[in-house]
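start27.pdb follows; it contains PDB, C-alpha atoms and all ligand atoms.
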ATOM      1  CA  MET A   1     -54.471  28.236 -38.421
ATOM      2  CA  ASP A   2     -50.849  29.196 -38.297
ATOM      3  CA  ASP A   3     -49.582  32.703 -38.945
ATOM      4  CA  ALA A   4     -46.058  32.191 -40.314
ATOM      5  CA  ASP A   5     -45.092  35.789 -39.463
ATOM      6  CA  SER A   6     -45.888  35.313 -35.812
ATOM      7  CA  CYS A   7     -43.213  34.461 -33.242
ATOM      8  CA  VAL A   8     -45.656  31.910 -31.889
ATOM      9  CA  PHE A   9     -46.153  28.396 -33.240
ATOM     10  CA  THR A  10     -49.323  26.752 -32.009
ATOM     11  CA  PHE A  11     -49.100  22.994 -31.578
ATOM     12  CA  LYS A  12     -51.797  20.924 -29.856
ATOM     13  CA  GLY A  13     -53.378  24.124 -28.564
ATOM     14  CA  TYR A  14     -50.235  25.530 -26.936
ATOM     15  CA  ASN A  15     -48.070  28.447 -28.116
ATOM     16  CA  PHE A  16     -44.399  27.574 -28.600
ATOM     17  CA  LEU A  17     -41.575  29.909 -29.525
ATOM     18  CA  ARG A  18     -41.380  29.450 -33.294
ATOM     19  CA  SER A  19     -37.652  30.136 -33.596
ATOM     20  CA  LEU A  20     -36.754  27.211 -31.320
ATOM     21  CA  ILE A  21     -39.203  24.490 -32.253
ATOM     22  CA  ASP A  22     -38.627  21.200 -33.980
ATOM     23  CA  VAL A  23     -41.999  19.695 -34.830
ATOM     24  CA  ASP A  24     -40.682  16.103 -34.987
ATOM     25  CA  HIS A  25     -39.326  16.494 -31.467
ATOM     26  CA  LEU A  26     -42.674  17.857 -30.245
ATOM     27  CA  GLU A  27     -44.563  15.028 -31.970
ATOM     28  CA  ASN A  28     -42.496  12.477 -30.034
ATOM     29  CA  LEU A  29     -42.654  14.091 -26.584
ATOM     30  CA  ASP A  30     -45.729  12.193 -25.490
ATOM     31  CA  ASP A  31     -43.817   8.894 -25.790
ATOM     32  CA  PHE A  32     -40.562  10.210 -24.365
ATOM     33  CA  GLU A  33     -39.381   7.605 -21.877
ATOM     34  CA  ILE A  34     -39.313   8.849 -18.296
ATOM     35  CA  ARG A  35     -36.978   7.477 -15.619
ATOM     36  CA  ASP A  36     -38.021   7.350 -11.966
ATOM     37  CA  ASP A  37     -35.153   9.633 -10.976
ATOM     38  CA  ASP A  38     -35.783  12.322 -13.622
ATOM     39  CA  VAL A  39     -36.378  15.835 -12.280
ATOM     40  CA  PHE A  40     -38.373  18.511 -14.094
ATOM     41  CA  ILE A  41     -38.674  22.212 -13.349
ATOM     42  CA  ALA A  42     -41.993  23.358 -14.787
ATOM     43  CA  THR A  43     -42.921  27.014 -15.149
ATOM     44  CA  TYR A  44     -44.989  29.452 -17.117
ATOM     45  CA  PRO A  45     -42.460  31.889 -18.710
ATOM     46  CA  LYS A  46     -41.210  34.725 -16.479
ATOM     47  CA  SER A  47     -42.048  32.944 -13.242
ATOM     48  CA  GLY A  48     -38.535  32.144 -12.011
ATOM     49  CA  THR A  49     -37.330  29.485 -14.455
ATOM     50  CA  VAL A  50     -33.680  30.551 -14.671
ATOM     51  CA  TRP A  51     -33.594  31.117 -10.920
ATOM     52  CA  SER A  52     -34.891  27.653 -10.069
ATOM     53  CA  ARG A  53     -32.529  26.104 -12.625
ATOM     54  CA  GLN A  54     -29.657  27.794 -10.817
ATOM     55  CA  ILE A  55     -30.896  26.409  -7.484
ATOM     56  CA  VAL A  56     -31.379  22.858  -8.741
ATOM     57  CA  CYS A  57     -28.057  22.890 -10.605
ATOM     58  CA  SER A  58     -26.249  24.075  -7.466
ATOM     59  CA  ILE A  59     -27.963  21.394  -5.391
ATOM     60  CA  TYR A  60     -26.868  18.618  -7.744
ATOM     61  CA  PHE A  61     -23.411  19.788  -8.783
ATOM     62  CA  GLU A  62     -20.701  20.666  -6.284
ATOM     63  CA  ASP A  63     -18.551  22.352  -8.937
ATOM     64  CA  HIS A  64     -21.501  24.570  -9.801
ATOM     65  CA  ARG A  65     -22.210  25.751  -6.252
ATOM     66  CA  ASN A  66     -18.502  26.229  -5.547
ATOM     67  CA  LYS A  67     -17.990  28.237  -8.726
ATOM     68  CA  THR A  68     -15.219  25.974  -9.950
ATOM     69  CA  PRO A  69     -15.195  25.595 -13.737
ATOM     70  CA  HIS A  70     -18.377  23.859 -14.698
ATOM     71  CA  GLN A  71     -20.667  23.059 -17.568
ATOM     72  CA  ASN A  72     -23.223  25.528 -18.838
ATOM     73  CA  ILE A  73     -26.640  25.187 -17.147
ATOM     74  CA  LEU A  74     -28.311  24.603 -20.513
ATOM     75  CA  ASP A  75     -26.162  21.489 -20.923
ATOM     76  CA  ARG A  76     -27.014  20.271 -17.459
ATOM     77  CA  ILE A  77     -30.677  21.269 -17.388
ATOM     78  CA  PRO A  78     -31.853  21.395 -20.990
ATOM     79  CA  PHE A  79     -35.318  22.502 -22.010
ATOM     80  CA  LEU A  80     -37.420  19.438 -22.706
ATOM     81  CA  GLU A  81     -39.438  20.915 -25.547
ATOM     82  CA  TYR A  82     -36.732  23.149 -27.041
ATOM     83  CA  ASN A  83     -33.813  20.833 -27.636
ATOM     84  CA  ILE A  84     -31.483  23.756 -28.354
ATOM     85  CA  ARG A  85     -28.257  21.739 -28.141
ATOM     86  CA  LYS A  86     -29.700  18.793 -30.144
ATOM     87  CA  MET A  87     -28.857  16.306 -27.376
ATOM     88  CA  ASP A  88     -29.871  12.703 -27.333
ATOM     89  CA  PHE A  89     -31.824  12.893 -24.075
ATOM     90  CA  SER A  90     -32.104   9.104 -23.890
ATOM     91  CA  LYS A  91     -28.313   8.808 -23.561
ATOM     92  CA  ARG A  92     -27.953  11.281 -20.703
ATOM     93  CA  PRO A  93     -26.805   9.845 -17.380
ATOM     94  CA  SER A  94     -29.202   9.720 -14.456
ATOM     95  CA  PRO A  95     -30.454  11.683 -12.726
ATOM     96  CA  ARG A  96     -31.538  13.715 -15.730
ATOM     97  CA  LEU A  97     -32.620  17.290 -15.009
ATOM     98  CA  PHE A  98     -34.976  19.131 -17.353
ATOM     99  CA  SER A  99     -36.741  22.445 -17.533
ATOM    100  CA  THR A 100     -40.077  22.904 -19.273
ATOM    101  CA  HIS A 101     -42.770  25.475 -19.998
ATOM    102  CA  LEU A 102     -45.185  22.777 -21.174
ATOM    103  CA  PRO A 103     -48.741  22.688 -19.874
ATOM    104  CA  TYR A 104     -49.647  19.567 -17.872
ATOM    105  CA  TYR A 105     -51.392  17.914 -20.798
ATOM    106  CA  LEU A 106     -48.370  18.003 -23.132
ATOM    107  CA  VAL A 107     -45.679  16.527 -20.887
ATOM    108  CA  PRO A 108     -44.571  12.937 -21.578
ATOM    109  CA  ARG A 109     -47.278  10.466 -20.654
ATOM    110  CA  GLY A 110     -44.825   8.527 -18.475
ATOM    111  CA  LEU A 111     -44.711  11.392 -15.963
ATOM    112  CA  GLN A 112     -48.228  10.607 -14.801
ATOM    113  CA  ASN A 113     -48.453   8.460 -11.701
ATOM    114  CA  LYS A 114     -44.700   7.974 -11.726
ATOM    115  CA  LYS A 115     -41.907   8.730  -9.297
ATOM    116  CA  ALA A 116     -40.113  11.315 -11.453
ATOM    117  CA  LYS A 117     -40.224  14.650  -9.656
ATOM    118  CA  ILE A 118     -41.646  17.943 -10.873
ATOM    119  CA  ILE A 119     -41.003  21.302  -9.201
ATOM    120  CA  TYR A 120     -43.655  23.765 -10.366
ATOM    121  CA  ILE A 121     -42.791  27.416  -9.732
ATOM    122  CA  TYR A 122     -45.563  29.983  -9.991
ATOM    123  CA  ARG A 123     -45.578  33.749  -9.562
ATOM    124  CA  ASN A 124     -48.296  36.360  -9.186
ATOM    125  CA  PRO A 125     -49.451  37.032 -12.737
ATOM    126  CA  LYS A 126     -49.293  40.825 -12.631
ATOM    127  CA  ASP A 127     -45.534  40.582 -12.049
ATOM    128  CA  VAL A 128     -45.352  37.873 -14.717
ATOM    129  CA  LEU A 129     -47.123  40.237 -17.117
ATOM    130  CA  VAL A 130     -44.739  43.130 -16.448
ATOM    131  CA  SER A 131     -41.658  40.896 -16.628
ATOM    132  CA  PHE A 132     -42.914  39.370 -19.892
ATOM    133  CA  PHE A 133     -43.616  42.807 -21.382
ATOM    134  CA  HIS A 134     -40.020  43.928 -20.744
ATOM    135  CA  PHE A 135     -38.642  40.613 -21.927
ATOM    136  CA  SER A 136     -40.572  40.935 -25.190
ATOM    137  CA  GLN A 137     -38.971  44.306 -25.806
ATOM    138  CA  PHE A 138     -35.544  42.882 -25.084
ATOM    139  CA  VAL A 139     -35.547  39.588 -26.957
ATOM    140  CA  ALA A 140     -35.539  39.733 -30.746
ATOM    141  CA  VAL A 141     -37.575  36.584 -31.405
ATOM    142  CA  LEU A 142     -40.612  37.753 -29.406
ATOM    143  CA  GLU A 143     -43.237  40.166 -30.679
ATOM    144  CA  ASP A 144     -42.464  43.614 -29.295
ATOM    145  CA  SER A 145     -45.715  45.168 -28.080
ATOM    146  CA  GLU A 146     -45.670  48.917 -28.385
ATOM    147  CA  SER A 147     -47.409  49.392 -25.035
ATOM    148  CA  LEU A 148     -48.153  47.525 -21.838
ATOM    149  CA  GLU A 149     -51.846  48.036 -22.578
ATOM    150  CA  ARG A 150     -51.520  46.170 -25.870
ATOM    151  CA  PHE A 151     -49.336  43.454 -24.313
ATOM    152  CA  MET A 152     -51.851  42.975 -21.506
ATOM    153  CA  GLU A 153     -54.586  42.363 -24.084
ATOM    154  CA  ARG A 154     -52.496  39.659 -25.744
ATOM    155  CA  PHE A 155     -51.507  38.179 -22.364
ATOM    156  CA  LEU A 156     -55.131  37.999 -21.183
ATOM    157  CA  ASP A 157     -56.141  36.460 -24.516
ATOM    158  CA  GLY A 158     -53.389  33.847 -24.256
ATOM    159  CA  LYS A 159     -51.846  35.081 -27.487
ATOM    160  CA  VAL A 160     -48.278  34.944 -26.201
ATOM    161  CA  VAL A 161     -45.623  32.231 -26.025
ATOM    162  CA  GLY A 162     -46.773  29.968 -23.197
ATOM    163  CA  SER A 163     -50.465  30.597 -24.009
ATOM    164  CA  LEU A 164     -52.844  31.618 -21.249
ATOM    165  CA  TRP A 165     -51.215  31.965 -17.823
ATOM    166  CA  PHE A 166     -54.490  31.000 -16.093
ATOM    167  CA  ASP A 167     -54.718  27.712 -18.018
ATOM    168  CA  HIS A 168     -51.106  26.831 -17.264
ATOM    169  CA  VAL A 169     -51.261  27.337 -13.503
ATOM    170  CA  ARG A 170     -54.788  26.074 -13.082
ATOM    171  CA  GLY A 171     -54.130  23.037 -15.284
ATOM    172  CA  TRP A 172     -51.037  21.933 -13.384
ATOM    173  CA  TYR A 173     -52.687  22.574 -10.026
ATOM    174  CA  GLU A 174     -55.906  20.766 -10.790
ATOM    175  CA  HIS A 175     -54.014  17.737 -12.126
ATOM    176  CA  ARG A 176     -51.430  17.719  -9.347
ATOM    177  CA  HIS A 177     -52.600  14.348  -8.051
ATOM    178  CA  ASN A 178     -51.467  12.698 -11.291
ATOM    179  CA  PHE A 179     -47.894  13.806 -10.732
ATOM    180  CA  ASN A 180     -45.157  13.744  -8.111
ATOM    181  CA  ILE A 181     -45.113  17.517  -7.866
ATOM    182  CA  LEU A 182     -43.982  20.269  -5.492
ATOM    183  CA  PHE A 183     -45.581  23.721  -5.906
ATOM    184  CA  MET A 184     -43.357  26.642  -4.992
ATOM    185  CA  LYS A 185     -44.187  30.348  -5.050
ATOM    186  CA  TYR A 186     -41.649  32.752  -6.561
ATOM    187  CA  GLU A 187     -42.563  35.158  -3.772
ATOM    188  CA  ASP A 188     -41.798  32.616  -1.029
ATOM    189  CA  MET A 189     -38.412  32.001  -2.627
ATOM    190  CA  LYS A 190     -37.840  35.732  -2.592
ATOM    191  CA  LYS A 191     -38.852  36.131   1.050
ATOM    192  CA  ASP A 192     -37.066  33.057   2.364
ATOM    193  CA  LEU A 193     -34.504  31.728  -0.080
ATOM    194  CA  ARG A 194     -32.786  29.417   2.406
ATOM    195  CA  GLY A 195     -36.085  27.905   3.546
ATOM    196  CA  SER A 196     -37.059  27.424  -0.098
ATOM    197  CA  VAL A 197     -33.757  25.757  -0.963
ATOM    198  CA  LEU A 198     -34.226  23.376   1.986
ATOM    199  CA  LYS A 199     -37.768  22.597   0.842
ATOM    200  CA  ILE A 200     -36.497  21.772  -2.642
ATOM    201  CA  CYS A 201     -33.651  19.642  -1.205
ATOM    202  CA  ASN A 202     -36.163  17.770   0.894
ATOM    203  CA  PHE A 203     -38.412  17.096  -2.085
ATOM    204  CA  LEU A 204     -35.427  15.954  -4.147
ATOM    205  CA  GLU A 205     -34.184  13.823  -1.224
ATOM    206  CA  LYS A 206     -30.824  15.555  -1.353
ATOM    207  CA  LYS A 207     -29.092  15.903   1.993
ATOM    208  CA  LEU A 208     -26.587  18.757   1.852
ATOM    209  CA  SER A 209     -24.327  20.023   4.622
ATOM    210  CA  ASP A 210     -25.096  23.471   6.068
ATOM    211  CA  GLU A 211     -22.112  24.867   4.156
ATOM    212  CA  ALA A 212     -23.368  23.397   0.896
ATOM    213  CA  VAL A 213     -26.839  24.876   1.503
ATOM    214  CA  ASP A 214     -25.192  28.250   2.174
ATOM    215  CA  ALA A 215     -23.315  27.940  -1.117
ATOM    216  CA  VAL A 216     -26.551  27.159  -3.005
ATOM    217  CA  VAL A 217     -28.278  30.162  -1.397
ATOM    218  CA  ASN A 218     -25.347  32.389  -2.258
ATOM    219  CA  MET A 219     -25.317  31.183  -5.873
ATOM    220  CA  ALA A 220     -29.052  31.829  -6.186
ATOM    221  CA  SER A 221     -29.162  35.354  -4.754
ATOM    222  CA  PHE A 222     -30.308  38.005  -7.218
ATOM    223  CA  GLN A 223     -27.077  39.991  -6.759
ATOM    224  CA  ASN A 224     -24.855  37.010  -7.404
ATOM    225  CA  MET A 225     -26.806  35.809 -10.401
ATOM    226  CA  LYS A 226     -26.947  39.260 -11.961
ATOM    227  CA  SER A 227     -23.193  39.708 -11.767
ATOM    228  CA  ASP A 228     -22.240  36.121 -12.619
ATOM    229  CA  ALA A 229     -21.825  35.774 -16.371
ATOM    230  CA  LEU A 230     -22.560  32.051 -16.146
ATOM    231  CA  ALA A 231     -25.824  32.647 -14.307
ATOM    232  CA  ASN A 232     -27.285  35.855 -15.694
ATOM    233  CA  TYR A 233     -28.405  34.283 -18.976
ATOM    234  CA  ILE A 234     -27.225  37.186 -21.105
ATOM    235  CA  LYS A 235     -24.740  35.089 -23.091
ATOM    236  CA  VAL A 236     -27.351  32.444 -23.887
ATOM    237  CA  LEU A 237     -29.860  35.102 -24.880
ATOM    238  CA  LYS A 238     -27.417  36.969 -27.091
ATOM    239  CA  GLU A 239     -25.822  33.949 -28.728
ATOM    240  CA  GLU A 240     -28.617  31.411 -28.932
ATOM    241  CA  ILE A 241     -31.834  33.435 -28.983
ATOM    242  CA  GLY A 242     -30.941  37.005 -30.013
ATOM    243  CA  THR A 243     -31.591  40.365 -28.342
ATOM    244  CA  ARG A 244     -32.707  43.648 -29.901
ATOM    245  CA  LYS A 245     -31.098  46.002 -27.405
ATOM    246  CA  ASP A 246     -28.884  46.053 -24.343
ATOM    247  CA  GLY A 247     -30.517  44.998 -21.140
ATOM    248  CA  HIS A 248     -30.577  42.502 -18.333
ATOM    249  CA  PHE A 249     -32.394  39.211 -18.103
ATOM    250  CA  LEU A 250     -32.322  39.648 -14.330
ATOM    251  CA  ARG A 251     -34.242  42.899 -14.493
ATOM    252  CA  LYS A 252     -35.645  43.677 -11.013
ATOM    253  CA  GLY A 253     -36.353  40.303  -9.437
ATOM    254  CA  THR A 254     -38.842  41.656  -6.958
ATOM    255  CA  ILE A 255     -42.427  41.352  -5.777
ATOM    256  CA  GLY A 256     -45.020  43.967  -6.741
ATOM    257  CA  ASP A 257     -43.194  45.774  -9.545
ATOM    258  CA  TRP A 258     -46.567  45.680 -11.352
ATOM    259  CA  LYS A 259     -47.602  48.614  -9.131
ATOM    260  CA  ASN A 260     -45.032  50.758 -10.938
ATOM    261  CA  HIS A 261     -46.458  49.862 -14.328
ATOM    262  CA  LEU A 262     -50.189  49.116 -14.266
ATOM    263  CA  THR A 263     -52.719  51.914 -13.999
ATOM    264  CA  VAL A 264     -55.528  51.469 -11.455
ATOM    265  CA  GLU A 265     -57.878  50.772 -14.343
ATOM    266  CA  GLN A 266     -55.618  48.131 -15.869
ATOM    267  CA  SER A 267     -55.106  46.507 -12.485
ATOM    268  CA  GLU A 268     -58.864  46.339 -11.853
ATOM    269  CA  LYS A 269     -59.461  44.848 -15.273
ATOM    270  CA  PHE A 270     -56.806  42.231 -14.525
ATOM    271  CA  ASP A 271     -58.389  41.459 -11.138
ATOM    272  CA  LYS A 272     -61.753  40.788 -12.751
ATOM    273  CA  VAL A 273     -60.266  38.272 -15.170
ATOM    274  CA  PHE A 274     -58.219  36.700 -12.370
ATOM    275  CA  GLN A 275     -61.260  36.267 -10.141
ATOM    276  CA  LYS A 276     -63.231  34.653 -12.933
ATOM    277  CA  LYS A 277     -60.510  32.350 -14.240
ATOM    278  CA  MET A 278     -59.055  31.309 -10.876
ATOM    279  CA  LYS A 279     -62.358  30.704  -9.157
ATOM    280  CA  ASN A 280     -62.138  27.715  -6.796
ATOM    281  CA  VAL A 281     -58.359  27.418  -7.190
ATOM    282  CA  SER A 282     -56.996  27.277  -3.673
ATOM    283  CA  LEU A 283     -53.433  28.302  -4.560
ATOM    284  CA  LYS A 284     -52.278  31.352  -2.594
ATOM    285  CA  PHE A 285     -50.703  34.350  -4.307
ATOM    286  CA  ILE A 286     -48.539  37.168  -2.969
ATOM    287  CA  TRP A 287     -48.983  40.495  -4.753
ATOM    288  CA  ASP A 288     -46.999  42.815  -2.515
ATOM    289  CA  ILE A 289     -43.549  42.647  -0.937
ATOM    290  CA  ASN A 290     -45.034  43.540   2.476
ATOM    291  CA  GLU A 291     -47.718  40.875   2.348
ATOM    292  CA  GLU A 292     -47.354  37.881   4.685
TER     293      GLU A 292
HETATM  294  P1  LIG A 301     -38.239  40.434 -13.515
HETATM  295  O1  LIG A 301     -38.349  40.682 -14.994
HETATM  296  O2  LIG A 301     -39.475  40.842 -12.764
HETATM  297  O3  LIG A 301     -37.003  41.014 -12.919
HETATM  298  P2  LIG A 301     -37.910  33.364 -16.060
HETATM  299  O4  LIG A 301     -36.564  32.837 -15.726
HETATM  300  O5  LIG A 301     -39.020  32.388 -15.787
HETATM  301  O6  LIG A 301     -37.971  33.928 -17.433
HETATM  302  O7  LIG A 301     -38.224  34.565 -15.027
HETATM  303  C1  LIG A 301     -37.512  35.769 -15.117
HETATM  304  C2  LIG A 301     -37.810  36.591 -13.881
HETATM  305  O8  LIG A 301     -37.187  35.957 -12.740
HETATM  306  C3  LIG A 301     -37.218  37.990 -13.986
HETATM  307  O9  LIG A 301     -38.134  38.854 -13.292
HETATM  308  C4  LIG A 301     -35.901  37.816 -13.241
HETATM  309  O10 LIG A 301     -35.331  39.008 -12.767
HETATM  310  C5  LIG A 301     -36.368  36.930 -12.094
HETATM  311  N1  LIG A 301     -35.220  36.274 -11.423
HETATM  312  C6  LIG A 301     -34.221  35.570 -11.971
HETATM  313  N2  LIG A 301     -33.312  35.212 -11.037
HETATM  314  C7  LIG A 301     -33.768  35.713  -9.860
HETATM  315  C8  LIG A 301     -33.266  35.724  -8.514
HETATM  316  N3  LIG A 301     -32.115  35.145  -8.197
HETATM  317  N4  LIG A 301     -33.999  36.326  -7.547
HETATM  318  C9  LIG A 301     -35.175  36.933  -7.861
HETATM  319  N5  LIG A 301     -35.697  36.980  -9.112
HETATM  320  C10 LIG A 301     -34.996  36.390 -10.097
END
As structure tokens, what does this structure read like?
Ligand code: A3P
Amino acid sequence: MDDADSCVFTFKGYNFLRSLIDVDHLENLDDFEIRDDDVFIATYPKSGTVWSRQIVCSIYFEDHRNKTPHQNILDRIPFLEYNIRKMDFSKRPSPRLFSTHLPYYLVPRGLQNKKAKIIYIYRNPKDVLVSFFHFSQFVAVLEDSESLERFMERFLDGKVVGSLWFDHVRGWYEHRHNFNILFMKYEDMKKDLRGSVLKICNFLEKKLSDEAVDAVVNMASFQNMKSDALANYIKVLKEEIGTRKDGHFLRKGTIGDWKNHLTVEQSEKFDKVFQKKMKNVSLKFIWDINEE
């Protein structure tokens, strides 16, 4: 069943953003030809997608990390499933960089058991929830929930773009052996950005000088990204997606903001669902800025 008034378009059991989809493109994704040196950044929405794109773009492109005039990130790291710029992906030079919110079972078949690299960024889901709630109020093409309570219901039912957070993270993690994949925590990136950049460089087999690593770290800091018009995503949001009010894409960029928003009751309800859905998943989560 498809509700044409909804901002969500469900295809093969996953909720896409209706305003950006092209069904023919989605139909063909399974057969999309993968190259061994392709790199994918995979995330559930609001988990650090734009941040990790900035890091990967700065690792690959010297002009990007040195802030000399450069191409827009969307042109360098397009979304796989939302081909916003209508590119012919098959004609792009190697190494091709992509970003995706797809669940593990919808990515091109050729990614399984292949050399192409996937960086999967995950974030504690209470902060994802709060970030998503604010984003939904900000961006015109998403359904604006009148309250966090109502948004939490939809989030826990998987009735949002990106479907159920638990399925996304669990699915990718449980199928990790089929892919060449690095799991990174948003919170680890926050606590040790340089260490995280080095880990990503290592996975990507990119050897950068200390100065170049410093430049990547500087480009990826919250303060720099928020004030850099090419990094803060506001232009893309305003021009290509549409906003309903003034605001910032880089809102707080912290760990544990959920404590400022969820009531004790809401938090306990969330914990119960988390414990049930993430049973036997050995991934570690960080819920508090002071947590080790
Ligand atoms: P908040 O809304 O909690 O601030 P995505 O890109 O997947 O949509 O994720 C958006 C979230 O990542 C936002 O979280 C945003 O502020 C945060 N973010 C983006 N760049 C960041 C950075 N350099 N450091 C920390 N958080 C960042």
At most 10 Å from ligand LIG 301 (chain A) (all atoms listed in the file): residue list as a ChimeraX atom specification: /A:42-55,101,121-123,126-135,186-187,189-191,193,217-226,231-233,248-258
Polymer residues at most 9 Å from A:Val161, only C-alpha atoms, same-chain spacing of 4 or more positions, as a list in words: Cys7, Val8, Phe9, Thr10, Tyr14, Asn15, Phe16, Leu17, Arg18, Pro45 and Leu142 of chain A
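Distance check against A:Val169 using only C-alpha atoms: of A:Asn66, A:Asn113, A:Ser282, A:Asn83, the minimum falls on A:Ser282.
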Selected residue of minimal separation from A:Ser90 among A:Ala140, A:Asp38, A:Phe270, A:Asn180, counting all atoms listed in the file: A:Asp38
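Among the candidates A:Ser145, A:Ser227, A:Thr263, A:Gln112, the one nearest to A:Asp31 when counting all atoms listed in the file is A:Gln112.
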Contact residues around A:Leu74 with only C-alpha atoms at 9 Å, ignoring same-chain residues under 5 positions, as an MDAnalysis selection string: chainID A and resid 79 84:85 236
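Taking all atoms listed in the file into account, A:Val141 lies nearest to A:Leu237 out of the set A:Ile286, A:Leu237, A:Ile34, A:Ala212.
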Selected residue, from A:Asn178, A:Ser99, A:Ile77, A:Val160, that lies nearest to A:Lys114 when counting all atoms listed in the file: A:Asn178
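Atom CA of A:Gly158 is found 17.8 Å from atom CA of A:Lys279.
A straight line drawn from atom CA of A:Leu20 to atom CA of A:Ser136 is 15.5 Å long.
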Selection result of the PyMOL selection byres (((chain A and resi 277) around 12) and not hetatm) on this file, as JSON, numbers by chain: {"A": [156, 157, 164, 165, 166, 167, 168, 169, 170, 171, 270, 271, 272, 273, 274, 275, 276, 278, 279, 280, 281]}
Residue with smallest distance to A:Pro108 - pool A:Leu80, A:Ile234, A:Met152, A:Ile289, counting all atoms listed in the file: A:Leu80
If we count all atoms listed in the file, what is near A:His70 at a cut-off of 12 Å, once residues fewer than 3 positions away on the same chain are taken out, given as an mmCIF file with C-alpha atoms, keeping the file's coordinate frame?
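Everything below was put into selection.cif:
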data_model
loop_
_atom_site.group_PDB
_atom_site.id
_atom_site.type_symbol
_atom_site.label_atom_id
_atom_site.label_comp_id
_atom_site.auth_asym_id
_atom_site.auth_seq_id
_atom_site.Cartn_x
_atom_site.Cartn_y
_atom_site.Cartn_z
ATOM 1 C CA CYS A 57 -28.057 22.890 -10.605
ATOM 2 C CA SER A 58 -26.249 24.075 -7.466
ATOM 3 C CA PHE A 61 -23.411 19.788 -8.783
ATOM 4 C CA GLU A 62 -20.701 20.666 -6.284
ATOM 5 C CA ASP A 63 -18.551 22.352 -8.937
ATOM 6 C CA HIS A 64 -21.501 24.570 -9.801
ATOM 7 C CA ARG A 65 -22.210 25.751 -6.252
ATOM 8 C CA ASN A 66 -18.502 26.229 -5.547
ATOM 9 C CA LYS A 67 -17.990 28.237 -8.726
ATOM 10 C CA ILE A 73 -26.640 25.187 -17.147
ATOM 11 C CA LEU A 74 -28.311 24.603 -20.513
ATOM 12 C CA ASP A 75 -26.162 21.489 -20.923
ATOM 13 C CA ARG A 76 -27.014 20.271 -17.459
ATOM 14 C CA LEU A 230 -22.560 32.051 -16.146
ATOM 15 C CA ALA A 231 -25.824 32.647 -14.307
#
Rebuild stretch 191-201 of chain A so that it carries N, CA, C and O atoms, then output the result as a tab-separated table (two decimals), in the frame of the given file.
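Result saved to result.tsv:
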chain	number	residue	atom	x	y	z
A	191	LYS	N	-38.81	35.73	-0.36
A	191	LYS	CA	-38.85	36.13	1.05
A	191	LYS	C	-37.99	35.23	1.92
A	191	LYS	O	-37.50	35.67	2.96
A	192	ASP	N	-37.85	33.98	1.54
A	192	ASP	CA	-37.07	33.06	2.36
A	192	ASP	C	-36.33	32.08	1.44
A	192	ASP	O	-36.77	30.94	1.23
A	193	LEU	N	-35.22	32.55	0.90
A	193	LEU	CA	-34.50	31.73	-0.08
A	193	LEU	C	-33.94	30.46	0.56
A	193	LEU	O	-34.05	29.37	0.00
A	194	ARG	N	-33.38	30.60	1.76
A	194	ARG	CA	-32.79	29.42	2.41
A	194	ARG	C	-33.86	28.37	2.70
A	194	ARG	O	-33.69	27.19	2.39
A	195	GLY	N	-34.98	28.83	3.26
A	195	GLY	CA	-36.08	27.90	3.55
A	195	GLY	C	-36.56	27.22	2.27
A	195	GLY	O	-36.90	26.03	2.26
A	196	SER	N	-36.59	27.98	1.17
A	196	SER	CA	-37.06	27.42	-0.10
A	196	SER	C	-36.07	26.41	-0.65
A	196	SER	O	-36.47	25.36	-1.17
A	197	VAL	N	-34.78	26.71	-0.50
A	197	VAL	CA	-33.76	25.76	-0.96
A	197	VAL	C	-33.89	24.46	-0.17
A	197	VAL	O	-33.84	23.35	-0.73
A	198	LEU	N	-34.10	24.58	1.15
A	198	LEU	CA	-34.23	23.38	1.99
A	198	LEU	C	-35.47	22.56	1.60
A	198	LEU	O	-35.44	21.34	1.56
A	199	LYS	N	-36.53	23.28	1.26
A	199	LYS	CA	-37.77	22.60	0.84
A	199	LYS	C	-37.52	21.81	-0.46
A	199	LYS	O	-37.95	20.67	-0.61
A	200	ILE	N	-36.80	22.44	-1.37
A	200	ILE	CA	-36.50	21.77	-2.64
A	200	ILE	C	-35.58	20.57	-2.40
A	200	ILE	O	-35.80	19.48	-2.94
A	201	CYS	N	-34.56	20.76	-1.53
A	201	CYS	CA	-33.65	19.64	-1.20
A	201	CYS	C	-34.44	18.47	-0.62
A	201	CYS	O	-34.21	17.32	-0.97
